[in-house]
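**Q** What follows is coords_30.txt; its format and atoms are compact mmCIF, C-alpha atoms and all ligand atoms.
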# COMPACT_ATOMS: atom_id res chain seq x y z
CA ASP L 210 6.48 18.27 17.92
CA GLY L 211 4.86 20.65 15.43
CA VAL L 212 6.96 19.57 12.45
CA PHE L 213 6.06 15.93 13.01
CA ILE L 214 2.33 16.65 13.42
CA LEU L 215 2.35 18.79 10.27
CA ALA L 216 4.15 16.00 8.38
CA CYS L 217 1.46 13.52 9.50
CA ILE L 218 -1.35 15.84 8.39
CA LEU L 219 0.32 16.44 5.01
CA ALA L 220 0.97 12.70 4.66
CA PHE L 221 -2.74 12.03 5.19
CA VAL L 222 -3.78 14.77 2.73
CA PHE L 223 -1.34 13.67 -0.01
CA GLY L 224 -2.09 10.04 0.77
CA SER L 225 -5.76 10.68 0.13
CA ILE L 226 -5.19 11.84 -3.47
CA PRO L 227 -6.68 8.86 -5.33
CA PHE L 228 -4.30 8.75 -8.31
CA GLY L 229 -5.86 5.59 -9.77
CA PHE L 230 -9.29 7.18 -9.70
CA VAL L 231 -8.01 10.50 -11.10
CA ILE L 232 -6.09 8.86 -13.97
CA GLY L 233 -9.12 6.71 -14.74
CA LYS L 234 -11.34 9.79 -14.86
CA LEU L 235 -8.84 11.55 -17.15
CA LYS L 236 -9.24 8.56 -19.47
CA GLY L 237 -13.03 8.80 -19.13
CA VAL L 238 -13.41 5.69 -16.94
CA ASP L 239 -14.49 5.23 -13.34
CA VAL L 240 -12.19 2.33 -12.43
CA ARG L 241 -14.42 1.57 -9.42
CA GLN L 242 -17.04 0.26 -11.85
CA TYR L 243 -14.74 -2.36 -13.40
CA GLY L 244 -12.62 -5.37 -12.44
CA SER L 245 -12.17 -5.64 -8.68
CA GLY L 246 -13.55 -2.10 -8.27
CA ASN L 247 -10.33 -1.06 -6.52
CA ILE L 248 -8.56 2.22 -7.33
CA GLY L 249 -5.08 0.68 -7.05
CA ALA L 250 -2.39 -0.04 -9.63
CA THR L 251 -3.52 -3.66 -10.14
CA ASN L 252 -7.04 -2.74 -11.10
CA VAL L 253 -5.93 0.24 -13.19
CA SER L 254 -3.70 -2.22 -15.11
CA ARG L 255 -6.71 -4.47 -15.63
CA VAL L 256 -8.96 -1.66 -16.82
CA LEU L 257 -6.61 0.76 -18.60
CA GLY L 258 -3.49 -1.30 -19.31
CA LYS L 259 -0.09 -1.88 -17.70
CA LYS L 260 1.34 1.54 -18.60
CA TYR L 261 -1.29 3.33 -16.52
CA GLY L 262 -1.01 0.69 -13.81
CA ALA L 263 2.72 1.39 -13.52
CA LEU L 264 2.06 5.14 -13.32
CA VAL L 265 -0.46 4.64 -10.51
CA LEU L 266 1.98 2.33 -8.70
CA LEU L 267 4.67 5.01 -8.90
CA LEU L 268 2.43 7.89 -7.78
CA ASP L 269 0.76 5.93 -4.98
CA ALA L 270 4.18 4.78 -3.73
CA LEU L 271 5.60 8.33 -3.92
CA LYS L 272 2.84 9.82 -1.78
CA GLY L 273 3.80 7.34 0.93
CA ALA L 274 7.55 7.70 0.48
CA LEU L 275 7.93 11.51 0.38
CA PRO L 276 6.57 12.49 3.82
CA VAL L 277 8.53 9.65 5.42
CA LEU L 278 11.68 10.65 3.55
CA PHE L 279 11.24 14.21 4.81
CA LEU L 280 11.15 12.99 8.42
CA LYS L 281 14.04 10.59 7.85
CA VAL L 282 16.39 13.24 6.45
CA SER L 283 15.28 15.59 9.25
CA GLY L 284 16.60 13.03 11.73
CA TYR L 285 13.32 11.59 13.06
CA SER L 286 13.56 8.02 14.32
CA ILE L 287 11.94 5.01 12.70
CA GLU L 288 8.91 5.16 15.05
CA TYR L 289 8.01 8.67 13.85
CA GLN L 290 8.55 7.64 10.25
CA VAL L 291 6.17 4.69 10.60
CA VAL L 292 3.44 6.83 12.21
CA ALA L 293 3.67 9.38 9.36
CA GLY L 294 3.70 6.49 6.88
CA LEU L 295 0.59 5.08 8.49
CA SER L 296 -1.09 8.50 8.05
CA ALA L 297 -0.36 8.32 4.31
CA ILE L 298 -1.67 4.74 4.12
CA LEU L 299 -4.85 5.69 6.03
CA GLY L 300 -5.32 8.70 3.73
CA HIS L 301 -5.09 6.38 0.74
CA CYS L 302 -7.51 3.82 2.22
CA PHE L 303 -10.03 6.33 3.64
CA SER L 304 -9.83 9.20 1.17
CA PRO L 305 -12.05 12.22 1.98
CA PHE L 306 -12.16 12.74 -1.80
CA LEU L 307 -13.91 9.38 -2.21
CA LYS L 308 -16.36 9.57 0.70
CA PHE L 309 -13.75 7.97 2.97
CA ARG L 310 -13.28 4.92 0.79
CA GLY L 311 -10.11 4.19 -1.15
CA GLY L 312 -7.45 1.66 -2.05
CA LYS L 313 -5.82 -1.25 -0.26
CA GLY L 314 -2.60 0.42 0.85
CA VAL L 315 -0.12 -1.88 -0.85
CA ALA L 316 1.62 0.59 -3.20
CA THR L 317 1.54 3.38 -0.61
CA GLY L 318 2.86 0.97 2.02
CA LEU L 319 5.61 -0.06 -0.39
CA GLY L 320 6.68 3.59 -0.71
CA VAL L 321 6.54 4.13 3.05
CA PHE L 322 8.56 1.05 3.99
CA LEU L 323 11.06 1.41 1.16
CA VAL L 324 12.16 4.56 3.02
CA VAL L 325 11.69 3.24 6.58
CA SER L 326 13.65 0.04 5.95
CA PRO L 327 14.93 -0.65 2.41
CA LYS L 328 16.43 -4.04 3.33
CA VAL L 329 13.24 -5.43 4.95
CA THR L 330 11.11 -4.05 2.11
CA LEU L 331 13.42 -5.61 -0.47
CA ILE L 332 12.96 -9.03 1.16
CA ALA L 333 9.17 -8.54 1.35
CA PHE L 334 9.26 -7.53 -2.32
CA LEU L 335 11.11 -10.75 -3.17
CA VAL L 336 8.37 -12.66 -1.32
CA PHE L 337 5.80 -10.75 -3.42
CA LEU L 338 7.68 -11.56 -6.62
CA SER L 339 8.07 -15.28 -5.94
CA VAL L 340 4.39 -15.72 -5.04
CA PHE L 341 3.36 -13.63 -8.04
CA LEU L 342 5.56 -15.51 -10.52
CA THR L 343 4.25 -18.86 -9.27
CA THR L 344 0.53 -17.99 -8.87
CA ARG L 345 -0.13 -14.78 -10.88
CA TYR L 346 -2.45 -13.57 -8.09
CA VAL L 347 -1.49 -9.99 -7.14
CA SER L 348 -3.69 -10.09 -4.04
CA LEU L 349 -2.12 -13.30 -2.72
CA SER L 350 1.33 -11.84 -3.41
CA SER L 351 0.42 -8.63 -1.54
CA ILE L 352 -0.98 -10.63 1.39
CA THR L 353 2.09 -12.90 1.74
CA ALA L 354 4.49 -9.96 1.34
CA ALA L 355 2.58 -7.99 4.00
CA LEU L 356 2.64 -11.03 6.33
CA SER L 357 6.36 -11.56 5.82
CA PHE L 358 7.14 -7.92 6.61
CA PRO L 359 6.75 -7.85 10.44
CA LEU L 360 8.60 -11.15 10.71
CA VAL L 361 11.61 -9.95 8.71
CA PHE L 362 11.40 -6.51 10.36
CA ARG L 363 11.68 -8.08 13.79
CA PHE L 364 14.91 -9.84 12.86
CA LEU L 365 16.62 -7.19 10.76
CA GLU L 366 15.69 -3.91 12.47
CA LYS L 367 16.88 -2.94 15.95
CA PRO L 368 13.69 -1.65 17.58
CA SER L 369 12.23 -5.13 17.74
CA ASP L 370 9.78 -4.09 20.48
CA PHE L 371 8.27 -1.74 17.94
CA THR L 372 6.77 -4.50 15.80
CA SER L 373 3.26 -4.02 17.26
CA LEU L 374 2.49 -0.98 15.08
CA ILE L 375 3.91 -2.83 12.06
CA LEU L 376 1.74 -5.81 13.01
CA PHE L 377 -1.28 -3.52 13.14
CA ILE L 378 -0.55 -2.18 9.63
CA THR L 379 -0.10 -5.74 8.35
CA ALA L 380 -3.37 -6.91 9.91
CA PHE L 381 -5.16 -3.86 8.53
CA VAL L 382 -3.85 -4.38 4.98
CA VAL L 383 -4.26 -8.17 4.97
CA VAL L 384 -7.56 -8.65 6.76
CA GLY L 385 -9.15 -5.20 6.64
CA LYS L 386 -8.46 -4.45 2.99
CA HIS L 387 -8.07 -7.85 1.32
CA TYR L 388 -10.93 -9.86 2.83
CA GLN L 389 -12.89 -9.81 -0.43
CA ASN L 390 -9.79 -11.03 -2.28
CA ILE L 391 -9.34 -13.76 0.35
CA ILE L 392 -12.94 -14.92 -0.14
CA ARG L 393 -12.46 -14.92 -3.93
CA LEU L 394 -9.16 -16.83 -3.58
CA LEU L 395 -10.83 -19.46 -1.37
CA LYS L 396 -13.70 -19.83 -3.83
CA GLY L 397 -11.26 -20.03 -6.74
CA GLU L 398 -12.81 -16.90 -8.25
CA GLU L 399 -9.87 -14.49 -8.01
CA LYS L 400 -8.66 -13.20 -11.40
CA LYS L 401 -5.06 -13.91 -12.33
CA PHE L 402 -2.88 -11.07 -13.63
CA LYS L 403 -2.39 -11.41 -17.37
O1 LIG Y 501 -2.74 -3.95 -4.15
C1 LIG Y 501 -4.00 -4.44 -4.34
C2 LIG Y 501 -3.89 -5.88 -4.76
O2 LIG Y 501 -3.33 -6.63 -3.71
C3 LIG Y 501 -5.20 -6.45 -5.15
O3 LIG Y 501 -5.83 -5.62 -6.09
O4 LIG Y 501 -7.56 -5.05 -7.73
O5 LIG Y 501 -6.87 -7.43 -7.43
O6 LIG Y 501 -8.18 -6.31 -5.66
P1 LIG Y 501 -7.19 -6.11 -6.76
Written as structure tokens, how would this file's structure read?
Ligand code: G3P
**A**
Amino acid sequence: DGVFILACILAFVFGSIPFGFVIGKLKGVDVRQYGSGNIGATNVSRVLGKKYGALVLLLDALKGALPVLFLKVSGYSIEYQVVAGLSAILGHCFSPFLKFRGGKGVATGLGVFLVVSPKVTLIAFLVFLSVFLTTRYVSLSSITAALSFPLVFRFLEKPSDFTSLILFITAFVVVGKHYQNIIRLLKGEEKKFK
């Protein structure tokens, strides 16, 4: 219906606000020129410090969480929530403000799925944390957490036949957005998080 379509459009528009890039610019730095060149919280931490990284993580997660939360409290089912969440993630990854380039969708996806399914997201977050604490690679932690998500989702959430869209988001984030990280990891060139 109209409300849902409007929510998806707004999710895309808010999702496309590149907070990492904006905060970098406010500090006089184009974060795309440094570190991994990504506009996400990890690279902002690298370039501007952890405080700014945390701020970007919060803002990027919020822009995913808020439109989904709106649909959830309005009584829309999980399927609708995921589609609106995907709009926010796509906005973040293909931002019209950055010539349709953008981030990797991890923080925005975190915000989206924290609302869609807190329990599954909590488990995926624990996967992230254990990989991160043992390897210190944020990318590898993001990839394993994203891979664990559809698996856990299938077992803990009722609409188990709905995992295909979740699988698509996982494949997009893991392969589509992290392939350069994967190549660096395989070559042993990925930077650890200090
Ligand atoms: O969320 C992005 C993270 O998985 C990797 O970031 O800057 O190391 O490519 P980066």
**Q** Determine, using all atoms listed in the file, which residues of stretch 250-355 of chain L have any atom at most 12 Å from an atom of stretch 225-245 of chain L, and tabulate each with its shortest atom pair and distance in Å to one decimal place, rows ordered by chain and then rising number, as a tab-separated table.
**A**
residue	atom	partner	partner_atom	distance
L:Ala250	CA	L:Gly229	CA	6.6
L:Thr251	CA	L:Ser245	CA	9.0
L:Asn252	CA	L:Gly244	CA	6.3
L:Val253	CA	L:Gly229	CA	6.4
L:Ser254	CA	L:Gly229	CA	9.7
L:Arg255	CA	L:Gly244	CA	6.8
L:Val256	CA	L:Tyr243	CA	6.8
L:Leu257	CA	L:Gly233	CA	7.5
L:Gly258	CA	L:Gly233	CA	10.8
L:Lys260	CA	L:Ile232	CA	11.4
L:Tyr261	CA	L:Ile232	CA	7.8
L:Gly262	CA	L:Gly229	CA	8.0
L:Ala263	CA	L:Gly229	CA	10.3
L:Leu264	CA	L:Gly229	CA	8.7
L:Val265	CA	L:Gly229	CA	5.5
L:Leu266	CA	L:Gly229	CA	8.6
L:Leu267	CA	L:Phe228	CA	9.7
L:Leu268	CA	L:Phe228	CA	6.8
L:Asp269	CA	L:Phe228	CA	6.7
L:Ala270	CA	L:Phe228	CA	10.4
L:Leu271	CA	L:Phe228	CA	10.8
L:Lys272	CA	L:Ile226	CA	8.5
L:Gly273	CA	L:Ser225	CA	10.2
L:Leu295	CA	L:Ser225	CA	11.9
L:Ser296	CA	L:Ser225	CA	9.4
L:Ala297	CA	L:Ser225	CA	7.2
L:Ile298	CA	L:Ser225	CA	8.2
L:Leu299	CA	L:Ser225	CA	7.8
L:Gly300	CA	L:Ser225	CA	4.1
L:His301	CA	L:Ser225	CA	4.4
L:Cys302	CA	L:Ser225	CA	7.4
L:Phe303	CA	L:Ser225	CA	7.0
L:Ser304	CA	L:Ser225	CA	4.5
L:Pro305	CA	L:Ser225	CA	6.7
L:Phe306	CA	L:Ser225	CA	7.0
L:Leu307	CA	L:Pro227	CA	7.9
L:Lys308	CA	L:Ser225	CA	10.7
L:Phe309	CA	L:Ser225	CA	8.9
L:Arg310	CA	L:Ser225	CA	9.5
L:Gly311	CA	L:Pro227	CA	7.1
L:Gly312	CA	L:Pro227	CA	7.9
L:Lys313	CA	L:Pro227	CA	11.3
L:Gly314	CA	L:Ser225	CA	10.8
L:Ala316	CA	L:Gly229	CA	11.1
L:Thr317	CA	L:Ser225	CA	10.4
L:Val347	CA	L:Ser245	CA	11.6
L:Ser348	CA	L:Ser245	CA	10.6
**Q** One decimal, in Å: what's the spacing between atom CA of L:Lys386 and atom CA of L:Tyr285?
**A**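 These atoms are spaced 28.9 Å apart.
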**Q** Can you work out the spacing between atom CA of L:Leu374 and atom CA of L:Leu356 in Å, to one decimal?
**A**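 A separation of 13.3 Å between them.
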**Q** I'd like the box whose edges run along x, y and z of the file and which contains every listed atom of ligand LIG 501 (chain Y), padded by 3 Å per side; could you state its centre and edge lengths in Å, one decimal, as AutoDock Vina command-line options?
**A**
--center_x -5.5 --center_y -5.7 --center_z -5.7 --size_x 11.4 --size_y 9.5 --size_z 10.0
**Q** Give me the residues near L:Arg345 as a PDB file with C-alpha atoms, in the coordinates of the input, where near means some atom within 9 Å (using all atoms listed in the file) and where sequence neighbours in that chain fewer than 3 positions away do not count.
**A**
ATOM      1  CA  VAL L 340       4.390 -15.720  -5.040  1.00  0.00           C
ATOM      2  CA  PHE L 341       3.360 -13.630  -8.040  1.00  0.00           C
ATOM      3  CA  LEU L 342       5.560 -15.510 -10.520  1.00  0.00           C
ATOM      4  CA  LEU L 349      -2.120 -13.300  -2.720  1.00  0.00           C
ATOM      5  CA  SER L 350       1.330 -11.840  -3.410  1.00  0.00           C
ATOM      6  CA  LYS L 400      -8.660 -13.200 -11.400  1.00  0.00           C
ATOM      7  CA  LYS L 401      -5.060 -13.910 -12.330  1.00  0.00           C
ATOM      8  CA  PHE L 402      -2.880 -11.070 -13.630  1.00  0.00           C
ATOM      9  CA  LYS L 403      -2.390 -11.410 -17.370  1.00  0.00           C
TER      10      LYS L 403
END
**Q** Name the residues in contact with L:Ser351 at a cut-off of 12 Å, using all atoms listed in the file, excluding same-chain residues fewer than 6 positions from it; report them as a list of chain:residue names.
**A**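 So, after excluding close chain neighbours, the residues are L:Thr251, L:Lys313, L:Gly314, L:Val315, L:Ala316, L:Gly318, L:Leu319, L:Ala333, L:Phe334, L:Leu335, L:Val336, L:Phe337, L:Leu338, L:Ser339, L:Val340, L:Phe341, L:Thr344, L:Arg345, L:Ser357, L:Phe358, L:Thr379, L:Val382, L:Val383, L:Val384, L:Lys386, L:His387, L:Asn390, L:Ile391.
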**Q** Atom CA of L:Val291 to atom CA of L:Gly246: how many Å, to one decimal?
**A**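 Interatomic distance here is 28.1 Å.
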**Q** Let me make sure I understand: among L:Thr353, L:Leu395, L:Val321, L:Pro359, which one has the smallest atom-to-atom distance to ligand LIG 501 (chain Y) if we use all atoms listed in the file?
**A**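 Selected residue with least distance to ligand LIG 501 (chain Y): L:Thr353.
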**Q** List the neighbours of L:Tyr289 out to 9 Å using all atoms listed in the file; skip same-chain residues closer than 5 positions along the sequence, and give me the result as a list in words.
**A**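 That gives Phe213, Val277, Leu280, Lys281 and Gly294 of chain L.
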**Q** Which residue, L:Phe381, L:Tyr346, L:Phe322, L:Ile375, has the smallest gap to L:Gly397 when you use all atoms listed in the file?
**A** L:Tyr346
**Q** Find the residue from L:Leu365, L:Ala355, L:Leu360, L:Phe223 that sits nearest to ligand LIG 501 (chain Y); use all atoms listed in the file when measuring.
**A**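 Among the listed residues, L:Ala355 lies closest to ligand LIG 501 (chain Y).
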**Q** Of the candidates L:Gly211, L:Pro276, L:Gly385, L:Pro327, which shows the shortest atom-to-atom distance to ligand LIG 501 (chain Y), using only C-alpha atoms and all ligand atoms?
**A** L:Gly385
**Q** Considering all atoms listed in the file, state which residue in the set L:Ala354, L:Val282, L:Ile218, L:Ile378 is at the smallest distance from ligand LIG 501 (chain Y).
**A**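 Between L:Ala354, L:Val282, L:Ile218, L:Ile378, the residue approaching ligand LIG 501 (chain Y) most closely is L:Ala354.
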